[in-house]
$ cat upload_3.pdb   # PDB, C-alpha atoms
ATOM      1  CA  MET A   1     -35.584   8.200  12.161
ATOM      2  CA  LYS A   2     -36.644   5.669   9.567
ATOM      3  CA  LYS A   3     -35.391   7.984   6.858
ATOM      4  CA  PHE A   4     -31.977   8.211   8.491
ATOM      5  CA  LEU A   5     -31.871   4.463   8.868
ATOM      6  CA  SER A   6     -32.770   3.803   5.255
ATOM      7  CA  ILE A   7     -30.196   6.366   4.019
ATOM      8  CA  PHE A   8     -27.579   4.722   6.233
ATOM      9  CA  VAL A   9     -28.397   1.269   4.868
ATOM     10  CA  VAL A  10     -28.244   2.500   1.258
ATOM     11  CA  LEU A  11     -24.865   4.182   1.901
ATOM     12  CA  LEU A  12     -23.559   1.045   3.563
ATOM     13  CA  LEU A  13     -24.591  -1.063   0.573
ATOM     14  CA  LEU A  14     -22.998   1.389  -1.863
ATOM     15  CA  CYS A  15     -19.759   1.343   0.091
ATOM     16  CA  SER A  16     -19.636  -2.414   0.254
ATOM     17  CA  VAL A  17     -20.053  -2.926  -3.483
ATOM     18  CA  SER A  18     -17.535  -0.256  -4.372
ATOM     19  CA  VAL A  19     -14.682  -2.094  -2.675
ATOM     20  CA  LEU A  20     -12.901  -3.639  -5.622
ATOM     21  CA  ALA A  21     -10.593  -6.518  -5.068
ATOM     22  CA  LYS A  22      -7.170  -5.921  -6.527
ATOM     23  CA  GLY A  23      -6.033  -7.868  -9.538
ATOM     24  CA  GLY A  24      -2.527  -9.191  -9.467
ATOM     25  CA  SER A  25      -0.288 -10.905 -11.961
ATOM     26  CA  SER A  26       1.820 -12.423  -9.193
ATOM     27  CA  GLY A  27      -1.095 -14.340  -7.781
ATOM     28  CA  GLY A  28      -2.990 -13.845  -4.555
ATOM     29  CA  THR A  29      -6.476 -12.665  -3.772
ATOM     30  CA  ILE A  30      -8.287 -11.065  -6.590
ATOM     31  CA  VAL A  31     -10.073 -10.392  -8.886
ATOM     32  CA  LYS A  32     -10.807  -7.740 -11.436
ATOM     33  CA  PRO A  33     -11.779 -10.456 -13.870
ATOM     34  CA  LYS A  34     -11.022  -9.948 -17.502
ATOM     35  CA  VAL A  35     -13.443 -11.228 -20.071
ATOM     36  CA  VAL A  36     -12.056 -14.593 -21.082
ATOM     37  CA  GLU A  37     -12.958 -17.464 -23.330
ATOM     38  CA  ALA A  38     -15.109 -20.285 -22.025
ATOM     39  CA  ASP A  39     -12.116 -22.479 -21.393
ATOM     40  CA  PRO A  40      -9.493 -20.169 -19.929
ATOM     41  CA  THR A  41      -5.887 -21.161 -19.690
ATOM     42  CA  ASP A  42      -4.862 -22.524 -16.336
ATOM     43  CA  CYS A  43      -1.970 -20.204 -15.513
ATOM     44  CA  GLU A  44      -0.936 -22.427 -12.636
ATOM     45  CA  SER A  45      -0.020 -25.163 -15.092
ATOM     46  CA  PHE A  46       3.013 -23.228 -16.355
ATOM     47  CA  ALA A  47       6.360 -24.190 -14.924
ATOM     48  CA  THR A  48       8.110 -20.828 -14.567
ATOM     49  CA  VAL A  49       7.150 -17.656 -12.723
ATOM     50  CA  LYS A  50       7.506 -15.582 -15.885
ATOM     51  CA  GLU A  51       5.182 -17.871 -17.845
ATOM     52  CA  ARG A  52       2.554 -17.830 -15.084
ATOM     53  CA  VAL A  53       2.779 -14.036 -14.795
ATOM     54  CA  LYS A  54       2.497 -13.591 -18.555
ATOM     55  CA  CYS A  55      -0.516 -15.908 -18.584
ATOM     56  CA  ARG A  56      -2.207 -13.860 -15.837
ATOM     57  CA  LEU A  57      -1.439 -10.627 -17.677
ATOM     58  CA  GLU A  58      -3.041 -11.980 -20.815
ATOM     59  CA  ASN A  59      -5.983 -13.841 -19.305
ATOM     60  CA  GLY A  60      -6.565 -12.283 -15.921
ATOM     61  CA  GLN A  61      -6.518 -14.288 -12.745
ATOM     62  CA  GLN A  62      -9.243 -16.867 -12.639
ATOM     63  CA  LYS A  63      -8.985 -18.092  -9.077
ATOM     64  CA  GLU A  64      -7.386 -17.200  -5.776
ATOM     65  CA  THR A  65      -3.862 -18.500  -5.557
ATOM     66  CA  THR A  66      -0.897 -18.160  -3.225
ATOM     67  CA  PRO A  67       1.112 -15.079  -4.208
ATOM     68  CA  GLU A  68       4.286 -16.131  -6.026
ATOM     69  CA  PRO A  69       6.807 -14.854  -3.427
ATOM     70  CA  CYS A  70       4.936 -16.542  -0.556
ATOM     71  CA  ARG A  71       5.225 -19.918  -2.301
ATOM     72  CA  GLN A  72       8.914 -20.042  -1.472
ATOM     73  CA  LEU A  73       8.261 -19.880   2.264
ATOM     74  CA  ALA A  74       7.880 -22.855   4.578
ATOM     75  CA  ILE A  75       4.976 -21.101   6.304
ATOM     76  CA  ALA A  76       3.165 -18.923   3.798
ATOM     77  CA  ALA A  77       0.148 -17.913   5.907
ATOM     78  CA  LYS A  78       1.516 -14.629   7.249
ATOM     79  CA  CYS A  79       2.828 -13.628   3.844
ATOM     80  CA  VAL A  80      -0.516 -14.427   2.187
ATOM     81  CA  GLN A  81      -2.345 -12.483   4.881
ATOM     82  CA  TYR A  82      -0.126  -9.447   4.292
ATOM     83  CA  TYR A  83      -1.006  -9.508   0.599
ATOM     84  CA  LYS A  84      -4.690  -9.574   1.517
ATOM     85  CA  ASP A  85      -4.294  -6.821   4.110
ATOM     86  CA  THR A  86      -2.530  -4.426   1.767
ATOM     87  CA  ILE A  87      -5.013  -4.725  -1.106
ATOM     88  CA  THR A  88      -6.832  -1.570  -0.070
ATOM     89  CA  CYS A  89      -3.570   0.433   0.055
ATOM     90  CA  TYR A  90      -3.031   0.293  -3.708
ATOM     91  CA  ASP A  91      -6.090   2.405  -4.367
ATOM     92  CA  LEU A  92      -4.580   5.206  -2.273
ATOM     93  CA  ASN A  93      -2.004   7.749  -3.319
ATOM     94  CA  GLY A  94       0.857   9.787  -1.911
ATOM     95  CA  LYS A  95       1.420   9.818   1.826
ATOM     96  CA  GLU A  96      -1.824   7.980   2.497
ATOM     97  CA  LYS A  97      -0.559   5.041   0.484
ATOM     98  CA  ASP A  98       2.740   5.038   2.361
ATOM     99  CA  GLN A  99       0.979   5.242   5.699
ATOM    100  CA  CYS A 100      -1.255   2.333   4.713
ATOM    101  CA  PHE A 101       1.732   0.183   3.658
ATOM    102  CA  LYS A 102       3.561   0.941   6.890
ATOM    103  CA  THR A 103       0.581   0.383   9.134
ATOM    104  CA  LYS A 104      -0.244  -2.955   7.539
ATOM    105  CA  ALA A 105       3.405  -3.987   7.714
ATOM    106  CA  GLY A 106       3.362  -3.358  11.458
ATOM    107  CA  PHE A 107       5.339  -0.116  11.683
ATOM    108  CA  GLU A 108       5.115   1.639  15.027
ATOM    109  CA  THR A 109       6.759   4.791  13.658
ATOM    110  CA  LYS A 110       6.419   6.849  10.489
ATOM    111  CA  ASP A 111       9.753   6.244   8.806
ATOM    112  CA  VAL A 112      12.205   3.425   8.269
ATOM    113  CA  ARG A 113      15.044   5.036  10.234
ATOM    114  CA  SER A 114      12.921   5.478  13.363
ATOM    115  CA  GLU A 115      11.465   2.026  12.909
ATOM    116  CA  ARG A 116      14.929   0.501  12.674
ATOM    117  CA  ALA A 117      15.857   2.242  15.907
ATOM    118  CA  ARG A 118      13.314   0.000  17.631
ATOM    119  CA  GLY A 119      15.771  -2.829  17.132
ATOM    120  CA  GLU A 120      15.506  -6.395  15.884
ATOM    121  CA  PRO A 121      11.681  -6.746  16.124
ATOM    122  CA  SER A 122      11.267  -4.032  13.487
ATOM    123  CA  LEU A 123      13.048  -6.009  10.773
ATOM    124  CA  GLY A 124       9.978  -8.056   9.873
ATOM    125  CA  ALA A 125       7.898  -4.911   9.424
ATOM    126  CA  ILE A 126      10.586  -3.303   7.274
ATOM    127  CA  ARG A 127      10.766  -6.395   5.068
ATOM    128  CA  TYR A 128       6.997  -6.393   4.577
ATOM    129  CA  TYR A 129       7.079  -2.678   3.775
ATOM    130  CA  ALA A 130       9.694  -3.365   1.088
ATOM    131  CA  LEU A 131       7.376  -6.014  -0.369
ATOM    132  CA  ALA A 132       4.569  -3.477  -0.599
ATOM    133  CA  LEU A 133       6.793  -1.006  -2.457
ATOM    134  CA  LEU A 134       7.793  -3.719  -4.886
ATOM    135  CA  TYR A 135       4.178  -4.724  -5.349
ATOM    136  CA  ASP A 136       3.436  -1.098  -6.138
ATOM    137  CA  LEU A 137       5.998  -1.244  -8.947
ATOM    138  CA  GLU A 138       4.401  -4.465 -10.104
ATOM    139  CA  GLU A 139       1.047  -2.695 -10.259
ATOM    140  CA  ARG A 140       2.567   0.020 -12.434
ATOM    141  CA  ALA A 141       3.940  -2.590 -14.830
ATOM    142  CA  GLU A 142       0.536  -4.321 -14.973
ATOM    143  CA  ASP A 143      -1.174  -1.030 -15.740
ATOM    144  CA  ALA A 144       1.373  -0.353 -18.489
ATOM    145  CA  VAL A 145       0.516  -3.704 -20.080
ATOM    146  CA  ASP A 146      -3.205  -2.931 -19.796
ATOM    147  CA  GLU A 147      -2.604   0.400 -21.515
ATOM    148  CA  ASN A 148      -0.435  -1.191 -24.227
ATOM    149  CA  GLU A 149       2.657   0.700 -23.162
ATOM    150  CA  LEU A 150       4.358  -2.643 -22.635
ATOM    151  CA  THR A 151       3.813  -6.035 -24.238
ATOM    152  CA  ALA A 152       2.709  -8.887 -21.979
ATOM    153  CA  ASP A 153       6.141 -10.414 -22.420
ATOM    154  CA  GLU A 154       7.944  -7.216 -21.365
ATOM    155  CA  GLY A 155       5.589  -6.817 -18.412
ATOM    156  CA  ALA A 156       6.077 -10.440 -17.374
ATOM    157  CA  GLN A 157       9.860  -9.999 -17.531
ATOM    158  CA  LEU A 158       9.771  -6.963 -15.214
ATOM    159  CA  ILE A 159       7.284  -8.546 -12.821
ATOM    160  CA  SER A 160       9.145 -11.824 -12.576
ATOM    161  CA  GLU A 161      12.302  -9.870 -11.685
ATOM    162  CA  ILE A 162      10.350  -8.017  -8.990
ATOM    163  CA  ILE A 163       9.086 -11.339  -7.643
ATOM    164  CA  GLU A 164      12.646 -12.637  -7.543
ATOM    165  CA  ILE A 165      13.651  -9.646  -5.395
ATOM    166  CA  LYS A 166      10.680 -10.226  -3.098
ATOM    167  CA  VAL A 167      11.671 -13.854  -2.657
ATOM    168  CA  LYS A 168      15.168 -12.735  -1.655
ATOM    169  CA  ILE A 169      13.766 -10.245   0.853
ATOM    170  CA  LEU A 170      11.534 -12.873   2.427
ATOM    171  CA  GLY A 171      14.394 -15.376   2.364
ATOM    172  CA  LYS A 172      16.597 -12.859   4.197
ATOM    173  CA  ALA A 173      19.219 -12.843   1.444
ATOM    174  CA  PRO A 174      22.199 -10.489   1.941
ATOM    175  CA  VAL A 175      21.024  -6.877   1.638
ATOM    176  CA  SER A 176      23.910  -6.054  -0.709
ATOM    177  CA  GLU A 177      22.608  -8.667  -3.145
ATOM    178  CA  ILE A 178      19.045  -7.303  -2.938
ATOM    179  CA  LYS A 179      20.300  -3.756  -3.433
ATOM    180  CA  SER A 180      22.194  -4.775  -6.516
ATOM    181  CA  ASP A 181      19.058  -6.438  -7.959
ATOM    182  CA  VAL A 182      16.957  -3.350  -7.207
ATOM    183  CA  ALA A 183      19.559  -1.113  -8.872
ATOM    184  CA  GLU A 184      19.467  -3.368 -11.930
ATOM    185  CA  LEU A 185      15.678  -3.246 -12.024
ATOM    186  CA  ARG A 186      15.721   0.537 -11.679
ATOM    187  CA  ALA A 187      18.217   0.870 -14.531
ATOM    188  CA  GLN A 188      16.020  -1.098 -16.911
ATOM    189  CA  TRP A 189      12.728   0.406 -15.720
ATOM    190  CA  PRO A 190      11.012   1.894 -18.802
ATOM    191  CA  SER A 191      10.832   5.686 -18.549
ATOM    192  CA  GLU A 192       7.252   5.675 -19.830
ATOM    193  CA  ILE A 193       6.064   3.779 -16.733
ATOM    194  CA  ARG A 194       5.675   6.368 -14.011
TER
ATOM    195  CA  MET B 195     -33.363  12.433  18.165
ATOM    196  CA  LYS B 196     -34.004  16.212  18.302
ATOM    197  CA  VAL B 197     -32.538  16.373  21.800
ATOM    198  CA  LEU B 198     -29.439  14.573  20.633
ATOM    199  CA  LEU B 199     -29.065  16.950  17.670
ATOM    200  CA  LEU B 200     -29.485  19.970  19.944
ATOM    201  CA  LEU B 201     -26.912  18.556  22.340
ATOM    202  CA  ILE B 202     -24.352  18.076  19.535
ATOM    203  CA  VAL B 203     -24.954  21.590  18.122
ATOM    204  CA  GLY B 204     -24.685  23.032  21.626
ATOM    205  CA  MET B 205     -21.421  21.232  22.325
ATOM    206  CA  VAL B 206     -19.914  22.378  19.024
ATOM    207  CA  LEU B 207     -20.875  25.997  19.726
ATOM    208  CA  LEU B 208     -19.656  25.885  23.295
ATOM    209  CA  SER B 209     -16.336  24.309  22.379
ATOM    210  CA  GLY B 210     -15.500  27.419  20.317
ATOM    211  CA  CYS B 211     -16.025  29.708  23.310
ATOM    212  CA  ASP B 212     -14.228  27.753  25.988
ATOM    213  CA  PRO B 213     -10.857  29.121  27.024
ATOM    214  CA  TYR B 214      -8.073  26.610  26.754
ATOM    215  CA  GLU B 215      -4.402  26.479  27.421
ATOM    216  CA  LYS B 216      -1.747  25.459  24.918
ATOM    217  CA  ASP B 217       1.997  25.871  25.339
ATOM    218  CA  GLY B 218       1.415  27.971  28.436
ATOM    219  CA  ILE B 219      -0.783  30.466  26.592
ATOM    220  CA  ILE B 220      -4.460  30.741  27.513
ATOM    221  CA  TYR B 221      -6.614  31.209  24.452
ATOM    222  CA  GLU B 222     -10.089  32.619  24.866
ATOM    223  CA  HIS B 223     -12.779  33.010  22.253
ATOM    224  CA  VAL B 224     -10.724  31.113  19.731
ATOM    225  CA  ILE B 225     -13.217  31.754  16.962
ATOM    226  CA  ASP B 226     -12.528  35.489  17.091
ATOM    227  CA  GLN B 227      -8.773  35.190  17.369
ATOM    228  CA  GLU B 228      -6.184  34.528  14.758
ATOM    229  CA  MET B 229      -4.190  31.506  15.855
ATOM    230  CA  PRO B 230      -0.504  32.314  16.269
ATOM    231  CA  ASP B 231       2.093  30.143  14.572
ATOM    232  CA  LEU B 232       3.275  27.317  16.772
ATOM    233  CA  PRO B 233       6.926  27.423  17.792
ATOM    234  CA  ALA B 234       9.039  25.486  15.283
ATOM    235  CA  GLU B 235      10.104  22.805  17.764
ATOM    236  CA  THR B 236       6.533  21.690  18.422
ATOM    237  CA  VAL B 237       5.715  21.178  14.744
ATOM    238  CA  GLN B 238       5.655  17.459  14.026
ATOM    239  CA  PRO B 239       7.312  16.587  10.728
ATOM    240  CA  ASP B 240       5.229  14.467   8.459
ATOM    241  CA  ASP B 241       7.566  11.596   7.816
ATOM    242  CA  TYR B 242       5.431   9.543   5.496
ATOM    243  CA  THR B 243       6.762   9.250   1.973
ATOM    244  CA  ASP B 244       4.801  10.834  -0.816
ATOM    245  CA  ILE B 245       4.420   7.909  -3.194
ATOM    246  CA  GLN B 246       3.260   9.132  -6.570
ATOM    247  CA  THR B 247       5.550   7.580  -9.154
ATOM    248  CA  ALA B 248       7.745   4.549  -9.735
ATOM    249  CA  GLU B 249      10.710   6.781  -8.941
ATOM    250  CA  ASP B 250       9.188   7.402  -5.486
ATOM    251  CA  ASP B 251       8.845   3.641  -4.989
ATOM    252  CA  PHE B 252      12.511   3.154  -5.868
ATOM    253  CA  GLU B 253      13.618   5.979  -3.564
ATOM    254  CA  ALA B 254      11.616   4.533  -0.672
ATOM    255  CA  LEU B 255      12.937   1.072  -1.474
ATOM    256  CA  ASP B 256      16.558   2.283  -1.283
ATOM    257  CA  GLU B 257      15.905   3.837   2.102
ATOM    258  CA  THR B 258      14.131   0.689   3.259
ATOM    259  CA  LEU B 259      16.988  -1.576   2.236
ATOM    260  CA  ASP B 260      19.415   0.711   4.089
ATOM    261  CA  GLY B 261      17.254   0.026   7.141
ATOM    262  CA  LEU B 262      17.696  -3.715   6.709
ATOM    263  CA  GLU B 263      21.484  -3.511   6.828
TER
END

$ encode --input "upload_3.pdb" --output "structure tokens"
Amino acid sequence: MKKFLSIFVVLLLLCSVSVLAKGGSSGGTIVKPKVVEADPTDCESFATVKERVKCRLENGQQKETTPEPCRQLAIAAKCVQYYKDTITCYDLNGKEKDQCFKTKAGFETKDVRSERARGEPSLGAIRYYALALLYDLEERAEDAVDENELTADEGAQLISEIIEIKVKILGKAPVSEIKSDVAELRAQWPSEIR
Amino acid sequence: MKVLLLLIVGMVLLSGCDPYEKDGIIYEHVIDQEMPDLPAETVQPDDYTDIQTAEDDFEALDETLDGLE
């Protein structure tokens, strides 16, 4: 019995330390810290989103901040919480990742069409799901910068455009406008980032 | 502890022998039988999106934005 208990405790400890917090150039909870100089740049001191993102790409995120898109909201708490909740999803792949995004967003069904059929209350969940998909693209851009497939400036440009789309989604901008922005982003998406 | 283990093993073994009914068909000794294919209408489609690449993200995003309209 003691053996079982000790094995269980060891496994529990291993599991708890292997949960890595997700790094993010658009702010939020973190951190896969990068090795930085003693006096790291305060990315929050930059005026524009692109500059802050570029700073985080180059220096890593030093402290927990409010995710960029949530900053535009009058009440950011739910938005911030969603970012925290979805962190674990980004380590998944395929259908598991999609399921995780949808569950955390509050989906009661498996696909957007069925979810929409639930009526007005589903709109919030669909918006949050869209944010997760955009964050996934952001992750891909960050990885491309880490692997030197993109410069920090190119990565920051893409990510700041993604953030702009997220802000529009949260701000309930006309869908036609959001679609047009997504189409533009897709057209300029570098083919080497998969 | 041993009793608990024996109970679990026993339940697992017994569950394979129990007859059960599914779709109006009574299955006995499931372990020895080849399971027939389920009728097409009872198969639940797996509607989650297979997200592997950026292209998949964009596809899902398009569908999602359609849902917001």

$ resolve_selection --input "upload_3.pdb" --expression "the PyMOL selection byres ((chain B) within 8 of (chain A))" --output "list of chain:residue names"
B:Met195, B:Asp240, B:Asp241, B:Tyr242, B:Thr243, B:Asp244, B:Ile245, B:Gln246, B:Thr247, B:Ala248, B:Glu249, B:Asp251, B:Phe252, B:Ala254, B:Leu255, B:Asp256, B:Glu257, B:Thr258, B:Leu259, B:Gly261, B:Leu262, B:Glu263

$ closest_residue --input "upload_3.pdb" --among "A:Cys43, A:Cys79, A:Val49, A:Ala105" --to "Lys63 of chain A" --atoms "all atoms listed in the file"
A:Cys43

$ atom_distance --input "upload_3.pdb" --atom1 "atom CA of Cys55 of chain A" --atom2 "atom CA of Asp153 of chain A"
9.4 Å

$ atom_distance --input "upload_3.pdb" --atom1 "atom CA of Ala77 of chain A" --atom2 "atom CA of Thr65 of chain A"
12.2 Å

$ atom_distance --input "upload_3.pdb" --atom1 "atom CA of Lys104 of chain A" --atom2 "atom CA of Asp143 of chain A"
23.4 Å

$ axis_aligned_box --input "upload_3.pdb" --around "segment 80-93 of chain A" --padding-each-side "5 Å" --output "AutoDock Vina command-line options"
--center_x -3.5 --center_y -3.3 --center_z 0.3 --size_x 16.7 --size_y 32.2 --size_z 19.2
